[in-house]
Amino acid sequence: MQAIKTAIPDVVILEPKVFGDERGFFYESFNAQRFAELTGCQVDFVQDNHSKSAHGVLRGLHYQIEQAQGKLVRVVAGEVYDVAVDLRRSSPTFGKWVGVHLSADNKRQLWVPAGFAHGFVVLSDSAEFLYKTTDYYAPAHERCLMWNDPAVGVQWPIDFAPQLSAKDQVGRSLAEADLYA
Ligand SMILES: Cc1cn([C@H]2C[C@H](O)[C@@H](COP(=O)(O)OP(=O)(O)O[C@H]3O[C@@H](C)C(=O)[C@@H](O)[C@H]3O)O2)c(=O)[nH]c1=O
């Protein structure tokens, strides 16, 4: 596993070492010691999630204002464009975003620490998305930042209107959103 920096130092791309042979491939998708070395974060993951979405589905931008979750995300089928937005008021990168293509082919993972809103749009026919979280799902604390708030200005690599859940159609702008300290 190696780390690739992003424009937001706390958000890290992890690229596993893949061992291919005549049978197929093998790689360590998570190694606690290596994760801590590469991200500088000591965290305990408590939940694993798996979703499948059709082409053009956009899930996000989600966060929990209490029980904030760090998320280690990856794709095992298809391709998405994955985005993290810094919602920590005291951060030098407050309001900034990073985006990365995650796919079954590139096997990249993104570490999105607590304090960020997170979301993705599906670029392939469908995509299966897997992620580990550092705290439990807490619907009462769930929040949604508007995926297309001009004040954030995420450059989604799509030229169509994405398919959103009812919840995600009424995300709040950065100016109205609940934020972290
Ligand atoms: C996220 C989540 C949802 N659910 C349930 C609630 C609901 O009935 C159903 C679908 O939930 P949602 O519509 O919120 O699923 P989804 O839009 O996929 O939500 C996820 O989006 C990505 C971008 C994230 O970053 C995640 O943290 C999470 O917010 O699954 C759980 O039981 N546990 C969970 O951890």
# chains A, B, ... in the order shown; residues from 1 in each chain; ligands from 1
call {"tool": "residues_near_ligand", "arguments": {"ligand": "ligand 1", "cutoff": "6 Å", "atoms": "only C-alpha atoms and all ligand atoms", "output": "JSON list (two decimals) with N, CA and C atoms, in the first residue's frame"}}
result
[["chain", "number", "residue", "atom", "x", "y", "z"],
["A", 59, "ARG", "N", -24.76, 10.08, -4.63],
["A", 59, "ARG", "CA", -25.07, 9.99, -3.20],
["A", 59, "ARG", "C", -24.20, 11.01, -2.49],
["A", 60, "GLY", "N", -24.82, 11.95, -1.77],
["A", 60, "GLY", "CA", -24.03, 12.93, -1.05],
["A", 60, "GLY", "C", -24.65, 14.32, -1.12],
["A", 62, "HIS", "N", -22.67, 13.75, 2.26],
["A", 62, "HIS", "CA", -23.19, 13.37, 3.58],
["A", 62, "HIS", "C", -22.17, 13.52, 4.69],
["A", 118, "HIS", "N", -19.04, 13.87, 2.43],
["A", 118, "HIS", "CA", -18.56, 12.89, 1.45],
["A", 118, "HIS", "C", -19.68, 12.49, 0.49],
["A", 119, "GLY", "N", -19.29, 12.27, -0.77],
["A", 119, "GLY", "CA", -20.27, 11.78, -1.74],
["A", 119, "GLY", "C", -19.59, 11.29, -2.99],
["A", 120, "PHE", "N", -20.39, 10.68, -3.86],
["A", 120, "PHE", "CA", -19.82, 10.19, -5.13],
["A", 120, "PHE", "C", -20.90, 10.13, -6.19],
["A", 137, "TYR", "N", -23.64, 4.54, 12.29],
["A", 137, "TYR", "CA", -24.71, 5.29, 11.64],
["A", 137, "TYR", "C", -25.61, 5.88, 12.71]]
call {"tool": "closest_atom_pairs", "arguments": {"of": "segment 95-174 of chain A", "to": "segment 17-34 of chain A", "cutoff": "10 Å", "atoms": "only C-alpha atoms", "output": "tab-separated table"}}
result
residue	atom	partner	partner_atom	distance
A:Asn106	CA	A:Val18	CA	9.9
A:Lys107	CA	A:Val18	CA	8.7
A:Arg108	CA	A:Ser29	CA	9.6
A:Gln109	CA	A:Ser29	CA	8.7
A:Lys132	CA	A:Phe30	CA	9.7
call {"tool": "select_by_dssp", "arguments": {"residues": "chain A", "states": "helix (DSSP H, G or I)", "output": "list in words"}}
result
Ala32, Gln33, Arg34, Phe35, Ala36, Glu37, Leu38, Thr39, Pro139, Ala140, His141, Lys167, Asp168, Gln169 and Val170 of chain A
call {"tool": "select_by_dssp", "arguments": {"residues": "chain A", "states": "strand (DSSP E)", "output": "number ranges by chain"}}
result
A: 2-5, 12-15, 19-21, 24-26, 47-54, 58-64, 71-77, 79-86, 97-103, 109-112, 116-122, 126-133, 142-144
call {"tool": "atom_distance", "arguments": {"atom1": "atom CA of Leu14 of chain A", "atom2": "atom CA of Leu102 of chain A"}}
result
10.5 Å
call {"tool": "closest_atom_pairs", "arguments": {"of": "segment 122-154 of chain A", "to": "segment 76-85 of chain A", "cutoff": "10 Å", "atoms": "only C-alpha atoms", "output": "tab-separated table"}}
result
residue	atom	partner	partner_atom	distance
A:Val122	CA	A:Val80	CA	4.4
A:Leu123	CA	A:Val80	CA	5.2
A:Ser124	CA	A:Glu79	CA	5.3
A:Asp125	CA	A:Gly78	CA	7.2
A:Ser126	CA	A:Gly78	CA	6.0
A:Ala127	CA	A:Gly78	CA	4.4
A:Glu128	CA	A:Ala77	CA	5.0
A:Phe129	CA	A:Val76	CA	6.4
A:Leu130	CA	A:Val76	CA	7.2
A:Leu145	CA	A:Val85	CA	9.1
A:Trp147	CA	A:Val83	CA	9.7
A:Val152	CA	A:Val85	CA	8.0
A:Val154	CA	A:Val83	CA	8.0
call {"tool": "residues_around", "arguments": {"residues": "Ala117 of chain A", "least_positions_apart": "2", "cutoff": "12 Å", "atoms": "only C-alpha atoms", "output": "ChimeraX atom specification"}}
result
/A:11,59-65,68-71,82-88,94-99,112-115,119-120,142-147,152,154,171-174,177-180
call {"tool": "closest_residue", "arguments": {"among": "A:Val43, A:Leu110, A:Ala161, A:Leu58", "to": "Leu72 of chain A", "atoms": "only C-alpha atoms"}}
result
A:Leu110
